[in-house]
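Everything below belongs to data_17.txt, which stores compact mmCIF, C-alpha atoms and all ligand atoms.
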```txt
# COMPACT_ATOMS: atom_id res chain seq x y z
CA MET V 12 -10.04 -22.87 24.18
CA ARG V 13 -8.35 -21.00 21.41
CA ARG V 14 -8.16 -24.05 19.17
CA ALA V 15 -11.92 -24.64 19.40
CA GLN V 16 -12.60 -20.94 18.61
CA ILE V 17 -10.39 -21.02 15.56
CA ALA V 18 -11.79 -24.34 14.37
CA SER V 19 -15.32 -22.99 14.62
CA GLY V 20 -14.42 -19.73 12.80
CA LEU V 21 -12.70 -21.74 10.10
CA SER V 22 -15.64 -24.06 9.51
CA ALA V 23 -18.08 -21.12 9.47
CA VAL V 24 -15.96 -19.39 6.81
CA ARG V 25 -15.60 -22.57 4.77
CA GLU V 26 -19.39 -22.92 4.86
CA ARG V 27 -19.85 -19.28 3.74
CA VAL V 28 -17.45 -19.92 0.86
CA ARG V 29 -19.29 -23.10 -0.10
CA LEU V 30 -22.71 -21.41 -0.06
CA ALA V 31 -21.38 -18.43 -2.05
CA CYS V 32 -20.06 -20.84 -4.68
CA VAL V 33 -23.45 -22.58 -4.83
CA SER V 34 -25.24 -19.23 -5.26
CA ALA V 35 -22.80 -18.20 -7.96
CA GLY V 36 -23.15 -21.57 -9.71
CA ARG V 37 -19.44 -22.15 -9.40
CA PRO V 38 -17.51 -25.20 -8.24
CA ASP V 39 -16.28 -24.87 -4.65
CA GLU V 40 -12.69 -24.15 -5.65
CA VAL V 41 -11.87 -20.91 -3.88
CA ASP V 42 -8.52 -20.76 -2.10
CA LEU V 43 -8.40 -19.46 1.45
CA VAL V 44 -5.61 -17.28 2.82
CA VAL V 45 -5.97 -16.80 6.57
CA VAL V 46 -4.73 -13.33 7.52
CA THR V 47 -2.89 -13.58 10.85
CA LYS V 48 -1.59 -10.00 11.21
CA THR V 49 -1.62 -8.95 14.89
CA PHE V 50 -2.35 -12.54 16.00
CA PRO V 51 0.36 -14.66 17.64
CA ALA V 52 2.46 -17.44 16.12
CA THR V 53 0.60 -19.93 18.32
CA ASP V 54 -2.51 -19.18 16.23
CA VAL V 55 -0.54 -19.95 13.06
CA ASP V 56 0.46 -23.30 14.58
CA ILE V 57 -3.20 -24.04 15.31
CA LEU V 58 -4.24 -23.05 11.78
CA ALA V 59 -1.59 -25.30 10.25
CA ASP V 60 -2.76 -28.14 12.44
CA LEU V 61 -6.35 -27.53 11.25
CA GLY V 62 -5.25 -27.93 7.64
CA VAL V 63 -4.79 -24.30 6.56
CA SER V 64 -2.10 -24.01 3.90
CA ASP V 65 -1.86 -20.26 3.24
CA ILE V 66 -1.08 -17.51 5.75
CA GLY V 67 -1.24 -13.76 5.05
CA GLU V 68 0.73 -11.03 6.80
CA ASN V 69 1.08 -7.33 6.09
CA ARG V 70 4.32 -6.34 7.83
CA ASP V 71 7.80 -7.62 7.17
CA GLN V 72 9.08 -7.59 10.73
CA GLU V 73 5.99 -9.16 12.25
CA ALA V 74 5.90 -11.92 9.64
CA ARG V 75 9.60 -12.76 10.15
CA ALA V 76 9.22 -12.94 13.92
CA LYS V 77 6.14 -15.13 13.62
CA ARG V 78 7.77 -17.54 11.21
CA ALA V 79 10.77 -17.85 13.46
CA ALA V 80 8.53 -18.59 16.46
CA LEU V 81 6.59 -21.44 14.85
CA SER V 82 6.90 -24.68 16.72
CA GLY V 83 7.82 -26.78 13.69
CA GLU V 84 9.06 -26.39 10.14
CA SER V 85 5.78 -26.39 8.30
CA LEU V 86 4.65 -26.52 4.71
CA LEU V 87 2.77 -23.25 5.01
CA ARG V 88 2.76 -20.77 2.14
CA TRP V 89 3.32 -17.21 3.33
CA HIS V 90 1.69 -14.27 1.56
CA MET V 91 2.69 -10.63 1.90
CA LEU V 92 -0.43 -8.49 1.52
CA GLY V 93 0.64 -5.11 2.86
CA GLN V 94 1.93 -2.00 1.20
CA LEU V 95 5.50 -2.49 0.07
CA GLN V 96 8.37 -0.24 1.00
CA ARG V 97 11.31 -0.62 -1.31
CA ASN V 98 13.84 -0.92 1.49
CA LYS V 99 11.93 -3.92 2.91
CA VAL V 100 11.67 -5.83 -0.34
CA SER V 101 14.85 -7.86 0.01
CA SER V 102 13.82 -8.98 3.49
CA ILE V 103 10.31 -9.87 2.28
CA ALA V 104 11.83 -11.93 -0.54
CA ARG V 105 13.33 -14.26 2.08
CA TRP V 106 10.08 -15.26 3.78
CA ALA V 107 7.26 -14.60 1.32
CA ASP V 108 6.24 -17.34 -1.09
CA ALA V 109 3.76 -14.91 -2.62
CA VAL V 110 3.58 -11.12 -2.72
CA ASP V 111 -0.06 -10.22 -3.35
CA SER V 112 0.24 -6.43 -3.14
CA VAL V 113 2.62 -5.45 -5.94
CA ASP V 114 1.55 -2.05 -7.25
CA ARG V 115 4.65 -0.20 -8.49
CA ALA V 116 7.33 -0.77 -11.12
CA ASP V 117 10.22 0.03 -8.74
CA VAL V 118 8.99 -2.70 -6.39
CA VAL V 119 8.76 -5.18 -9.28
CA ALA V 120 12.39 -4.54 -10.19
CA ALA V 121 13.62 -4.73 -6.58
CA LEU V 122 11.61 -7.86 -5.78
CA GLY V 123 12.68 -9.54 -9.00
CA ARG V 124 16.33 -8.82 -8.24
CA ALA V 125 16.04 -10.03 -4.66
CA ALA V 126 14.23 -13.24 -5.62
CA ALA V 127 16.70 -14.05 -8.39
CA GLY V 128 19.61 -13.39 -6.01
CA LEU V 129 18.16 -15.91 -3.55
CA GLY V 130 17.46 -18.44 -6.30
CA ARG V 131 13.76 -18.19 -5.52
CA ARG V 132 10.69 -17.70 -7.68
CA ILE V 133 8.05 -15.65 -5.89
CA ASP V 134 4.39 -15.65 -6.90
CA VAL V 135 3.03 -12.17 -7.57
CA LEU V 136 -0.41 -10.61 -7.72
CA ILE V 137 -0.88 -7.10 -9.08
CA GLN V 138 -2.84 -5.07 -6.54
CA VAL V 139 -5.40 -2.95 -8.38
CA SER V 140 -6.84 0.11 -6.69
CA LEU V 141 -10.62 -0.10 -6.40
CA ASP V 142 -10.84 3.26 -4.64
CA SER V 143 -12.03 6.49 -6.11
CA ALA V 144 -9.19 8.64 -7.47
CA ALA V 145 -9.40 10.74 -4.32
CA ARG V 146 -8.20 7.90 -2.08
CA THR V 147 -4.89 6.27 -2.69
CA ASP V 148 -3.72 5.38 0.82
CA ARG V 149 -4.70 1.73 0.52
CA GLY V 150 -2.33 1.15 -2.35
CA GLY V 151 -2.94 -0.45 -5.69
CA VAL V 152 -2.13 0.53 -9.26
CA ALA V 153 -4.85 2.28 -11.27
CA ALA V 154 -6.83 -0.22 -13.35
CA SER V 155 -5.49 1.41 -16.52
CA GLY V 156 -1.90 0.62 -15.45
CA ALA V 157 -2.40 -2.99 -14.40
CA VAL V 158 -1.50 -4.70 -17.68
CA ASP V 159 1.76 -2.73 -18.05
CA LEU V 160 2.74 -3.63 -14.50
CA ALA V 161 1.84 -7.28 -15.15
CA ALA V 162 4.17 -7.19 -18.18
CA ALA V 163 6.99 -5.96 -15.95
CA VAL V 164 6.36 -8.85 -13.54
CA ALA V 165 6.20 -11.39 -16.36
CA ALA V 166 9.61 -10.19 -17.59
CA GLU V 167 11.33 -10.94 -14.23
CA PRO V 168 12.79 -14.47 -14.05
CA GLY V 169 12.52 -14.41 -10.24
CA LEU V 170 8.81 -13.65 -10.29
CA HIS V 171 5.77 -15.62 -11.37
CA LEU V 172 2.72 -13.61 -12.41
CA LYS V 173 -0.33 -15.26 -10.85
CA GLY V 174 -3.08 -12.64 -11.26
CA VAL V 175 -4.65 -9.66 -9.54
CA MET V 176 -5.75 -8.59 -6.06
CA GLY V 177 -8.10 -5.90 -4.81
CA VAL V 178 -9.58 -4.48 -1.62
CA ALA V 179 -13.13 -3.10 -1.88
CA PRO V 180 -13.53 0.49 -0.69
CA PHE V 181 -15.31 0.87 2.63
CA PRO V 182 -17.86 2.33 2.78
CA GLY V 183 -18.85 1.53 -0.77
CA ASP V 184 -20.47 -1.07 -2.97
CA PRO V 185 -18.23 -4.16 -3.00
CA ALA V 186 -20.14 -5.73 -5.92
CA GLU V 187 -19.38 -2.75 -8.14
CA ALA V 188 -15.72 -2.66 -7.05
CA PHE V 189 -15.22 -6.41 -7.58
CA ALA V 190 -16.85 -6.18 -11.02
CA ARG V 191 -14.13 -3.69 -11.97
CA LEU V 192 -11.45 -6.01 -10.60
CA SER V 193 -12.94 -8.86 -12.58
CA SER V 194 -12.64 -6.89 -15.78
CA VAL V 195 -8.97 -6.09 -15.04
CA SER V 196 -8.45 -9.79 -14.32
CA ALA V 197 -9.92 -10.62 -17.74
CA SER V 198 -7.52 -8.22 -19.50
CA VAL V 199 -4.56 -9.75 -17.68
CA ARG V 200 -5.69 -13.30 -18.53
CA ASP V 201 -6.10 -12.25 -22.14
CA ARG V 202 -2.33 -11.88 -22.35
CA TRP V 203 -1.24 -14.36 -19.67
CA PRO V 204 -3.87 -17.12 -19.58
CA ASP V 205 -2.23 -18.80 -16.57
CA ALA V 206 -2.55 -15.68 -14.41
CA GLU V 207 -5.91 -16.92 -13.20
CA CYS V 208 -5.90 -15.76 -9.63
CA MET V 209 -8.37 -13.07 -8.61
CA SER V 210 -7.82 -12.41 -4.92
CA ALA V 211 -10.79 -10.53 -3.50
CA GLY V 212 -13.04 -10.82 -0.50
CA MET V 213 -12.39 -10.36 3.22
CA SER V 214 -14.50 -11.20 6.29
CA GLY V 215 -17.21 -8.69 5.41
CA ASP V 216 -17.53 -9.12 1.67
CA LEU V 217 -16.44 -12.60 0.62
CA GLU V 218 -19.87 -13.42 -0.87
CA ALA V 219 -19.76 -10.39 -3.19
CA ALA V 220 -16.21 -11.31 -4.21
CA ILE V 221 -17.08 -14.91 -5.03
CA ALA V 222 -20.14 -13.76 -6.99
CA ALA V 223 -17.77 -11.57 -9.05
CA GLY V 224 -15.37 -14.46 -9.72
CA ALA V 225 -12.80 -14.38 -6.90
CA THR V 226 -10.59 -17.48 -6.88
CA GLN V 227 -8.94 -16.58 -3.57
CA VAL V 228 -10.35 -14.95 -0.44
CA ARG V 229 -8.28 -13.41 2.38
CA ILE V 230 -9.93 -13.79 5.76
CA GLY V 231 -8.80 -12.58 9.17
CA GLY V 232 -11.45 -11.49 11.66
CA ALA V 233 -14.15 -14.02 10.79
CA ILE V 234 -11.74 -16.81 11.73
CA LEU V 235 -9.49 -15.34 14.39
CA GLY V 236 -11.72 -12.79 16.11
CA ARG V 237 -11.35 -9.06 16.40
CA ARG V 238 -7.87 -7.66 15.93
CA GLY V 239 -6.45 -5.79 18.89
CA VAL V 240 -8.52 -7.80 21.37
CA VAL V 241 -6.57 -10.20 23.58
CA GLN V 242 -7.82 -13.68 22.77
C1 LIG B 301 -6.34 -7.49 7.03
C2 LIG B 301 -6.51 -7.82 5.60
C3 LIG B 301 -7.43 -8.81 5.20
C4 LIG B 301 -8.34 -9.56 6.16
O1 LIG B 301 -9.36 -8.71 6.62
P1 LIG B 301 -10.53 -9.23 7.58
O2 LIG B 301 -11.56 -8.16 7.46
O3 LIG B 301 -9.96 -9.36 8.95
O4 LIG B 301 -11.01 -10.53 7.05
C5 LIG B 301 -7.50 -9.11 3.85
N1 LIG B 301 -6.74 -8.47 2.94
C6 LIG B 301 -5.85 -7.53 3.28
C7 LIG B 301 -5.05 -6.86 2.21
C8 LIG B 301 -5.71 -7.17 4.61
O5 LIG B 301 -4.83 -6.22 4.94
```
Can you turn what I pasted into C-alpha cells?
Ligand SMILES: *Cc1c(COP(=O)(O)O)cnc(C)c1O
Amino acid sequence: MRRAQIASGLSAVRERVRLACVSAGRPDEVDLVVVTKTFPATDVDILADLGVSDIGENRDQEARAKRAALSGESLLRWHMLGQLQRNKVSSIARWADAVDSVDRADVVAALGRAAAGLGRRIDVLIQVSLDSAARTDRGGVAASGAVDLAAAVAAEPGLHLKGVMGVAPFPGDPAEAFARLSSVSASVRDRWPDAECMSAGMSGDLEAAIAAGATQVRIGGAILGRRGVVQ
C-alpha cells in the first residue's frame, strides 16, 4: 500500500532529523519540505493526510497540474525549488507560497511585480551556489553576491526575504559546502535578523546539513522512493 510506504518513509526521515538534532545539540525544530517532483498528486494527498504541511516542486507546469488534481482544497504550502525561467515567473507567482531558488536580480524584479499584481506576498530564499566556479548548471548566486540579491528581495513589497538555500555538490564534501552556506546565512541575518531560514539537506545529506545549522530540509527519495520508478 502506497500510504503505508509513505508513512514509513516519513517516520524514518523524522527520526533521522530528530537524531541529527540530538547529535548537533539543537532543539528538534527543523522544518520538512517533502519534494514531490515526478510523483503523482495522489501522493500529495497522502502526505497532507499524514500531516505534512510543505510540498516542494521544481517545474511550473507539473506543480500547477498537481495542485489542480488534489482531491480537496488543502492548507498545504507550496515551494518552488527549481531553476527559474523569467517567462514562467508570473505563472509560478500564482501557485507558489515560497520560491526557494531565487538566484538572479531579473527574477527578483519579475517575481516581485507578479506577486504585487496578484496582491500576494511570496516567501523567498536566496539560492547560493555551493559548486566550484567550474559548475554553474545547478543554479545559485555566488556567495559574494548573496547579500546584494537579498537586498533586492527585501526592497520588493510583494516578496518576503526568509533566508538562504543551497544544494551540496555531488560528489563532494557536504559538510564543507554547508559550512559555506552557513556563513552566507550569518551575513544575511546580520542585516535582516528575521531571515533565519537556512534550507539545506536532501535525502543523502540531511545529517550534515543539520550539523551545519539547517533550519529546513528538503526530502524526496527517502520518503517517496526512487524517482522514475513506478510506485
Ligand atoms: C529533488 C530536490 C530535492 C530532494 O532530493 P532527494 O535527494 O530526493 O531528497 C531537494 N532539493 C532540491 C532543490 C531538489 O531539486
Segment 59-171 of chain V residues near segment 190-206 of chain V within 9 Å, closest pair each, using only C-alpha atoms, as JSON lines:
```
{"residue": "V:Leu136", "atom": "CA", "partner": "V:Ala206", "partner_atom": "CA", "distance": 8.7}
{"residue": "V:Val139", "atom": "CA", "partner": "V:Leu192", "partner_atom": "CA", "distance": 7.1}
{"residue": "V:Ser140", "atom": "CA", "partner": "V:Leu192", "partner_atom": "CA", "distance": 8.6}
{"residue": "V:Leu141", "atom": "CA", "partner": "V:Leu192", "partner_atom": "CA", "distance": 7.3}
{"residue": "V:Ala154", "atom": "CA", "partner": "V:Val195", "partner_atom": "CA", "distance": 6.5}
{"residue": "V:Ser155", "atom": "CA", "partner": "V:Val195", "partner_atom": "CA", "distance": 8.4}
{"residue": "V:Ala157", "atom": "CA", "partner": "V:Val195", "partner_atom": "CA", "distance": 7.3}
{"residue": "V:Val158", "atom": "CA", "partner": "V:Val199", "partner_atom": "CA", "distance": 5.9}
{"residue": "V:Ala161", "atom": "CA", "partner": "V:Val199", "partner_atom": "CA", "distance": 7.3}
{"residue": "V:Ala165", "atom": "CA", "partner": "V:Trp203", "partner_atom": "CA", "distance": 8.7}
{"residue": "V:His171", "atom": "CA", "partner": "V:Ala206", "partner_atom": "CA", "distance": 8.9}
```
Report as JSON lines the residues of chain V within 8 Å of ligand LIG 301 (chain B), each with its shortest atom pair and distance in Å (one decimal), using all atoms listed in the file, ordered by chain and increasing residue number.
```
{"residue": "V:Val45", "atom": "CA", "partner": "B:LIG301", "partner_atom": "C4", "distance": 7.6}
{"residue": "V:Val46", "atom": "CA", "partner": "B:LIG301", "partner_atom": "C4", "distance": 5.4}
{"residue": "V:Thr47", "atom": "CA", "partner": "B:LIG301", "partner_atom": "C1", "distance": 8.0}
{"residue": "V:Lys48", "atom": "CA", "partner": "B:LIG301", "partner_atom": "C1", "distance": 6.8}
{"residue": "V:Gly67", "atom": "CA", "partner": "B:LIG301", "partner_atom": "C5", "distance": 7.9}
{"residue": "V:Glu68", "atom": "CA", "partner": "B:LIG301", "partner_atom": "O5", "distance": 7.6}
{"residue": "V:Asn69", "atom": "CA", "partner": "B:LIG301", "partner_atom": "O5", "distance": 6.1}
{"residue": "V:Leu92", "atom": "CA", "partner": "B:LIG301", "partner_atom": "C7", "distance": 4.9}
{"residue": "V:Gly93", "atom": "CA", "partner": "B:LIG301", "partner_atom": "O5", "distance": 6.0}
{"residue": "V:Ser112", "atom": "CA", "partner": "B:LIG301", "partner_atom": "C7", "distance": 7.5}
{"residue": "V:Gly177", "atom": "CA", "partner": "B:LIG301", "partner_atom": "C7", "distance": 7.7}
{"residue": "V:Val178", "atom": "CA", "partner": "B:LIG301", "partner_atom": "C7", "distance": 6.4}
{"residue": "V:Ala211", "atom": "CA", "partner": "B:LIG301", "partner_atom": "N1", "distance": 7.9}
{"residue": "V:Gly212", "atom": "CA", "partner": "B:LIG301", "partner_atom": "C5", "distance": 7.2}
{"residue": "V:Met213", "atom": "CA", "partner": "B:LIG301", "partner_atom": "O4", "distance": 4.1}
{"residue": "V:Ser214", "atom": "CA", "partner": "B:LIG301", "partner_atom": "O4", "distance": 3.6}
{"residue": "V:Gly215", "atom": "CA", "partner": "B:LIG301", "partner_atom": "O2", "distance": 6.0}
{"residue": "V:Val228", "atom": "CA", "partner": "B:LIG301", "partner_atom": "C5", "distance": 7.8}
{"residue": "V:Arg229", "atom": "CA", "partner": "B:LIG301", "partner_atom": "C5", "distance": 4.6}
{"residue": "V:Ile230", "atom": "CA", "partner": "B:LIG301", "partner_atom": "O4", "distance": 3.7}
{"residue": "V:Gly231", "atom": "CA", "partner": "B:LIG301", "partner_atom": "O3", "distance": 3.4}
{"residue": "V:Gly232", "atom": "CA", "partner": "B:LIG301", "partner_atom": "O3", "distance": 3.8}
{"residue": "V:Ala233", "atom": "CA", "partner": "B:LIG301", "partner_atom": "O4", "distance": 6.0}
{"residue": "V:Ile234", "atom": "CA", "partner": "B:LIG301", "partner_atom": "O4", "distance": 7.9}
{"residue": "V:Arg237", "atom": "CA", "partner": "B:LIG301", "partner_atom": "O3", "distance": 7.6}
{"residue": "V:Arg238", "atom": "CA", "partner": "B:LIG301", "partner_atom": "O3", "distance": 7.5}
```
Using only C-alpha atoms, determine which residues lie at most 6 Å from segment 29-41 of chain V, disregarding the query and same-chain residues fewer than 4 positions distant; provide the list as JSON, numbers by chain. {"V": [218, 222, 226, 227]}
Selected residues written out with C-alpha atoms, as a PDB file, in the frame of the given file:
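Output contents, as saved in again12.pdb:
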```pdb
ATOM      1  CA  GLU V 218     -19.870 -13.420  -0.870  1.00  0.00           C
ATOM      2  CA  ALA V 222     -20.140 -13.760  -6.990  1.00  0.00           C
ATOM      3  CA  THR V 226     -10.590 -17.480  -6.880  1.00  0.00           C
ATOM      4  CA  GLN V 227      -8.940 -16.580  -3.570  1.00  0.00           C
TER       5      GLN V 227
END
```
Find the residues near Ala166 of chain V: any atom within 12 Å, counting all atoms listed in the file, skip ones fewer than 3 places away on the same chain, and give them as a VMD selection string. chain V and resid 116 119 to 120 123 to 124 159 to 163 169 to 172 203
Of the listed residues V:Leu43, V:Gly20, V:Val63, V:Ala121, that which approaches Met209 of chain V most closely, counting only C-alpha atoms: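 The answer is V:Leu43, which sits nearest to Met209 of chain V.
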Looking at all atoms listed in the file, which of V:Pro182, V:Pro51, V:Gly130, V:Gly62 is the one that sits closest to Ala74 of chain V?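 The answer is V:Pro51, which sits nearest to Ala74 of chain V.
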Give me, as an mmCIF file with C-alpha atoms, in the coordinates of the input, all polymer residues having an atom no more than 12 Å from Ser85 of chain V, counting all atoms listed in the file and skipping those fewer than 3 positions away in the same chain.
```
data_model
loop_
_atom_site.group_PDB
_atom_site.id
_atom_site.type_symbol
_atom_site.label_atom_id
_atom_site.label_comp_id
_atom_site.auth_asym_id
_atom_site.auth_seq_id
_atom_site.Cartn_x
_atom_site.Cartn_y
_atom_site.Cartn_z
ATOM 1 C CA VAL V 55 -0.540 -19.950 13.060
ATOM 2 C CA ASP V 56 0.460 -23.300 14.580
ATOM 3 C CA ILE V 57 -3.200 -24.040 15.310
ATOM 4 C CA LEU V 58 -4.240 -23.050 11.780
ATOM 5 C CA ALA V 59 -1.590 -25.300 10.250
ATOM 6 C CA ASP V 60 -2.760 -28.140 12.440
ATOM 7 C CA GLY V 62 -5.250 -27.930 7.640
ATOM 8 C CA VAL V 63 -4.790 -24.300 6.560
ATOM 9 C CA SER V 64 -2.100 -24.010 3.900
ATOM 10 C CA ASP V 65 -1.860 -20.260 3.240
ATOM 11 C CA ILE V 66 -1.080 -17.510 5.750
ATOM 12 C CA ARG V 78 7.770 -17.540 11.210
ATOM 13 C CA ALA V 79 10.770 -17.850 13.460
ATOM 14 C CA ALA V 80 8.530 -18.590 16.460
ATOM 15 C CA LEU V 81 6.590 -21.440 14.850
ATOM 16 C CA SER V 82 6.900 -24.680 16.720
ATOM 17 C CA ARG V 88 2.760 -20.770 2.140
ATOM 18 C CA TRP V 89 3.320 -17.210 3.330
#
```
To one decimal place in Å, what is the distance between atom CA of Val100 of chain V and atom CA of Asp134 of chain V?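 One can read the atom CA of Val100 of chain V to atom CA of Asp134 of chain V distance as 13.9 Å.
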Give me, please, the distance in Å between atom CA of Ala15 of chain V and atom CA of Leu61 of chain V, quoted to one decimal.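 It comes out at 10.3 Å.
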As an exercise, work out the distance from atom CA of Val118 of chain V to atom CA of Asp71 of chain V in Å and give it to one decimal place. 14.5 Å
